[in-house]
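Engineer: Have a look at this one.
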Amino acid sequence: MSNRTDLPSNDEDNAKNMTENTELNQNQDNIDTTNDGINQAEVITVDNDMAIEEFFAPTSHAGIADDFKAGYVAIVGRPNVGKSTLMNHLLGQKLSITSRKPQTTRHRIHGILSNHEMQAVFVDTPGIHRNEVRAINERMNKAAVSALVDVDLVLFVVDSDQWRDDDLLVLQKLGDTNLNVVLVINKSDTLKDKGSVLPLIETFNDSFDFADIVPVSALKNQNLDRLQEVIASHLPIAAPIYDTEQITDRSERFLASEIIREKIMRSAGDEVPYDLTVQIDGFKDEPAHTDPKTGRPRKACTFIDATIYVERSGQKAIVIGDKGQRIKQVGMDARKDMEQLFDKKIMLTLWVKVKRGWSDDERALTSLGY
Ligand SMILES: Nc1nc2c(ncn2[C@@H]2O[C@H](COP(=O)(O)OP(=O)(O)OP(=O)(O)O)[C@@H](O)[C@H]2O)c(=O)[nH]1
């Protein structure tokens with residue numbers, strides 16, 4: 001396997017760009033010893049016995065308390081109040097992308113939080129936007145509203161320091177429903193004077209009958225335990241909806257694309273528009289094997305090929321960066337996050353392409369999975 005380090009090409013339509021795979025060969029001397037000394041037939045017999053035992057086990061939810069709570073929780077609020085950060089920190093994992101730019105969340109993401117007393121399945125909604133001019137915004141709005149159907153609880157998130165009329169606009173939409181709504185006052189770490197949050201509580205309480213009010217700092221993990229208790233108290237008694245070990249129903253492909261997008265948004269800051277998308281072209285798991293050429297053992301690895309679509313060649317240059325530095329860093333950072341989240345070795349190849357007007361084009365949006 002050779003290291004590919006193609007430098008950016010100036011030919012937009014044939015734009016294949018940077019790759020980041022500098023670490024693939026580093027650990028290949030490690031020999032996979034998982035089955036050493038174990039007789040293969042023994043392994044198969046033990047596997048069979050376990051499968052038979054499992055089949056005849058009384059229920060799949062053995063050990064779950066009778067008063068276990070489970071339900072769907074929507075996280076809503078205007079852009080940039082910290083909805084994704086809140087879900088990520090509640091889960092202790094990175095599932096939803098965050099950046100300092102508003103409107104970074106484009107998809108609904110199910111994150112699953114399970115503990116001994118409850119399972120909360122989170123629906124992370126994009127902000128509800130006033131401006132529906134572009135097709136993509138319209139779809140985001142639809143996703144935000146549809147996320148509210150059939151949920152058991154809504155977490156209405158506001159920024160403790162920067163609340164304004166837009167927040168009340170979101171609240172109005174909730175007023176049309178019979179949902180239980182908890183007011184989550186986020187970013188409380190930014191308040192110099194904690195008392196300054198009182199007028200906020202008063203204003204919001206006047207406009208809505210909240211089930212509970214919980215100030216938190218999602219970023220600093222403050223008061224999130226209390227929030228978990230409040231969530232549990234408002235969920236119905238029910239068996240877990242998903243396996244309690246699972247943290248998301250989103251595919252690894254989707255998570256991979258979100259991670260790459262986050263790294264670009266973080267690195268390029270205001271220089272790239274939020275309507276940049278990442279398509280996963282290839283996602284292939286290769287099991288541990290012996291290299292036929294060298295005879296050396298190779299660890300299991302997942303090969304991910306992704307294309308970053310931008311609208312203009314100027315944006316492409318920004319994403320690639322000077323001498324390809326930015327895209328290289330994006331690739332390295334994204335790979336590290338993926339290896340941590342998926343718990344396996346990743347080989348990531350990134351391409352940057354210009355696709356003009358894609359965010360206005362319904363067909364293109366559909367083909368990209370919106
Ligand atoms: N100081 C502070 N910053 C926070 C906190 N929670 C989130 N942030 C920051 O606020 C910014 C926006 O957070 P996101 O989680 O992306 O916000 P969002 O509501 O999901 O945004 P959209 O995807 O645009 O709807 C990021 O820079 C976060 O780091 C917090 O508790 N304290």
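Each chain in the structure tokens gets a letter, A, B and so on, in the order shown; residues start at 1 in every chain, and ligands are counted from 1 in the order they appear.
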I'd like the contact shell of Ile346 (chain A) - 10 Å cut-off, only C-alpha atoms, skipping same-chain residues fewer than 3 positions apart - returned as a PyMOL selection string.

Structural biologist: chain A and resi 21+23-24+283-285+300-304+334-340+342-343+349

Engineer: For the residues selected in the previous step, produce a file with N, CA, C and O atoms as a PDB file, in the first residue's frame.

Structural biologist:
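Everything below was put into again-v7.pdb:
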```
ATOM      1  N   ASN A  21      -3.542   9.172   4.564  1.00  0.00           N
ATOM      2  CA  ASN A  21      -3.504   7.783   4.992  1.00  0.00           C
ATOM      3  C   ASN A  21      -2.115   7.444   5.498  1.00  0.00           C
ATOM      4  O   ASN A  21      -1.629   6.353   5.331  1.00  0.00           O
ATOM      5  N   GLU A  23      -0.905   6.741   8.243  1.00  0.00           N
ATOM      6  CA  GLU A  23      -0.576   5.861   9.359  1.00  0.00           C
ATOM      7  C   GLU A  23      -0.889   4.394   9.120  1.00  0.00           C
ATOM      8  O   GLU A  23      -0.719   3.582   9.991  1.00  0.00           O
ATOM      9  N   LEU A  24      -1.353   4.078   7.939  1.00  0.00           N
ATOM     10  CA  LEU A  24      -1.819   2.712   7.731  1.00  0.00           C
ATOM     11  C   LEU A  24      -0.737   1.677   8.002  1.00  0.00           C
ATOM     12  O   LEU A  24      -0.979   0.659   8.606  1.00  0.00           O
ATOM     13  N   PHE A 283     -17.095   2.536   1.654  1.00  0.00           N
ATOM     14  CA  PHE A 283     -16.971   2.223   3.089  1.00  0.00           C
ATOM     15  C   PHE A 283     -16.777   0.708   3.156  1.00  0.00           C
ATOM     16  O   PHE A 283     -17.723  -0.053   3.079  1.00  0.00           O
ATOM     17  N   LYS A 284     -15.542   0.301   3.215  1.00  0.00           N
ATOM     18  CA  LYS A 284     -15.284  -1.137   3.068  1.00  0.00           C
ATOM     19  C   LYS A 284     -14.474  -1.668   4.245  1.00  0.00           C
ATOM     20  O   LYS A 284     -13.398  -1.159   4.550  1.00  0.00           O
ATOM     21  N   ASP A 285     -15.043  -2.675   4.907  1.00  0.00           N
ATOM     22  CA  ASP A 285     -14.321  -3.311   6.016  1.00  0.00           C
ATOM     23  C   ASP A 285     -13.419  -4.402   5.469  1.00  0.00           C
ATOM     24  O   ASP A 285     -13.874  -5.276   4.732  1.00  0.00           O
ATOM     25  N   ALA A 300      -7.220  -5.671  10.888  1.00  0.00           N
ATOM     26  CA  ALA A 300      -8.484  -5.293  10.250  1.00  0.00           C
ATOM     27  C   ALA A 300      -8.500  -3.779  10.060  1.00  0.00           C
ATOM     28  O   ALA A 300      -7.951  -3.040  10.877  1.00  0.00           O
ATOM     29  N   CYS A 301      -9.097  -3.329   8.975  1.00  0.00           N
ATOM     30  CA  CYS A 301      -9.096  -1.887   8.681  1.00  0.00           C
ATOM     31  C   CYS A 301     -10.354  -1.545   7.885  1.00  0.00           C
ATOM     32  O   CYS A 301     -10.858  -2.370   7.116  1.00  0.00           O
ATOM     33  N   THR A 302     -10.868  -0.355   8.082  1.00  0.00           N
ATOM     34  CA  THR A 302     -12.004   0.095   7.275  1.00  0.00           C
ATOM     35  C   THR A 302     -11.544   1.208   6.351  1.00  0.00           C
ATOM     36  O   THR A 302     -10.952   2.190   6.805  1.00  0.00           O
ATOM     37  N   PHE A 303     -11.787   1.012   5.067  1.00  0.00           N
ATOM     38  CA  PHE A 303     -11.381   2.007   4.065  1.00  0.00           C
ATOM     39  C   PHE A 303     -12.570   2.910   3.770  1.00  0.00           C
ATOM     40  O   PHE A 303     -13.631   2.428   3.359  1.00  0.00           O
ATOM     41  N   ILE A 304     -12.387   4.191   3.998  1.00  0.00           N
ATOM     42  CA  ILE A 304     -13.480   5.138   3.740  1.00  0.00           C
ATOM     43  C   ILE A 304     -13.032   6.141   2.685  1.00  0.00           C
ATOM     44  O   ILE A 304     -12.001   6.802   2.842  1.00  0.00           O
ATOM     45  N   ALA A 334     -10.349  13.885  11.462  1.00  0.00           N
ATOM     46  CA  ALA A 334     -11.569  13.089  11.252  1.00  0.00           C
ATOM     47  C   ALA A 334     -11.263  11.614  11.495  1.00  0.00           C
ATOM     48  O   ALA A 334     -12.036  10.899  12.128  1.00  0.00           O
ATOM     49  N   ARG A 335     -10.128  11.159  10.997  1.00  0.00           N
ATOM     50  CA  ARG A 335      -9.788   9.743  11.164  1.00  0.00           C
ATOM     51  C   ARG A 335      -9.667   9.388  12.648  1.00  0.00           C
ATOM     52  O   ARG A 335     -10.159   8.350  13.092  1.00  0.00           O
ATOM     53  N   LYS A 336      -9.045  10.287  13.414  1.00  0.00           N
ATOM     54  CA  LYS A 336      -8.875   9.999  14.847  1.00  0.00           C
ATOM     55  C   LYS A 336     -10.232   9.851  15.534  1.00  0.00           C
ATOM     56  O   LYS A 336     -10.451   8.933  16.306  1.00  0.00           O
ATOM     57  N   ASP A 337     -11.141  10.789  15.227  1.00  0.00           N
ATOM     58  CA  ASP A 337     -12.480  10.718  15.834  1.00  0.00           C
ATOM     59  C   ASP A 337     -13.187   9.429  15.429  1.00  0.00           C
ATOM     60  O   ASP A 337     -13.863   8.789  16.229  1.00  0.00           O
ATOM     61  N   MET A 338     -13.054   9.072  14.141  1.00  0.00           N
ATOM     62  CA  MET A 338     -13.741   7.865  13.664  1.00  0.00           C
ATOM     63  C   MET A 338     -13.174   6.622  14.341  1.00  0.00           C
ATOM     64  O   MET A 338     -13.919   5.723  14.716  1.00  0.00           O
ATOM     65  N   GLU A 339     -11.859   6.578  14.479  1.00  0.00           N
ATOM     66  CA  GLU A 339     -11.250   5.400  15.105  1.00  0.00           C
ATOM     67  C   GLU A 339     -11.731   5.265  16.543  1.00  0.00           C
ATOM     68  O   GLU A 339     -11.981   4.174  17.036  1.00  0.00           O
ATOM     69  N   GLN A 340     -11.905   6.414  17.203  1.00  0.00           N
ATOM     70  CA  GLN A 340     -12.373   6.381  18.580  1.00  0.00           C
ATOM     71  C   GLN A 340     -13.839   5.935  18.647  1.00  0.00           C
ATOM     72  O   GLN A 340     -14.214   5.090  19.434  1.00  0.00           O
ATOM     73  N   PHE A 342     -15.748   4.385  16.230  1.00  0.00           N
ATOM     74  CA  PHE A 342     -16.059   3.059  15.664  1.00  0.00           C
ATOM     75  C   PHE A 342     -15.200   1.959  16.285  1.00  0.00           C
ATOM     76  O   PHE A 342     -15.432   0.785  16.044  1.00  0.00           O
ATOM     77  N   ASP A 343     -14.188   2.389  17.036  1.00  0.00           N
ATOM     78  CA  ASP A 343     -13.290   1.438  17.685  1.00  0.00           C
ATOM     79  C   ASP A 343     -12.651   0.479  16.679  1.00  0.00           C
ATOM     80  O   ASP A 343     -12.648  -0.733  16.861  1.00  0.00           O
ATOM     81  N   THR A 349      -9.721   8.465   2.746  1.00  0.00           N
ATOM     82  CA  THR A 349      -9.289   9.179   1.540  1.00  0.00           C
ATOM     83  C   THR A 349     -10.309  10.267   1.226  1.00  0.00           C
ATOM     84  O   THR A 349     -11.508   9.976   1.129  1.00  0.00           O
TER      85      THR A 349
END
```

Engineer: For the atom pair CA of Arg226 (chain A) and CA of Leu90 (chain A), what is the interatomic distance in Å to one decimal place?

Structural biologist: 11.0 Å

Engineer: Let me make sure I understand: among A:Pro79, A:Pro215, A:Gly321, A:Pro240, which one has the smallest atom-to-atom distance to Ser114 (chain A) if we use only C-alpha atoms?

Structural biologist: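 Counting only C-alpha atoms, the residue closest to Ser114 (chain A) is A:Pro240.
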
Engineer: Please determine, counting only C-alpha atoms and all ligand atoms, which residue among A:Ala211, A:Ala256, A:Met265, A:Met332 has the shortest atom-to-atom distance to ligand 1.

Structural biologist: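 Residue with the minimum atom-to-atom distance to ligand 1: A:Met265.
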
Engineer: Which of region 323-358 of chain A end up as alpha helix (DSSP H) when DSSP is run on this backbone - answer as a ChimeraX atom specification?

Structural biologist: /A:325-342
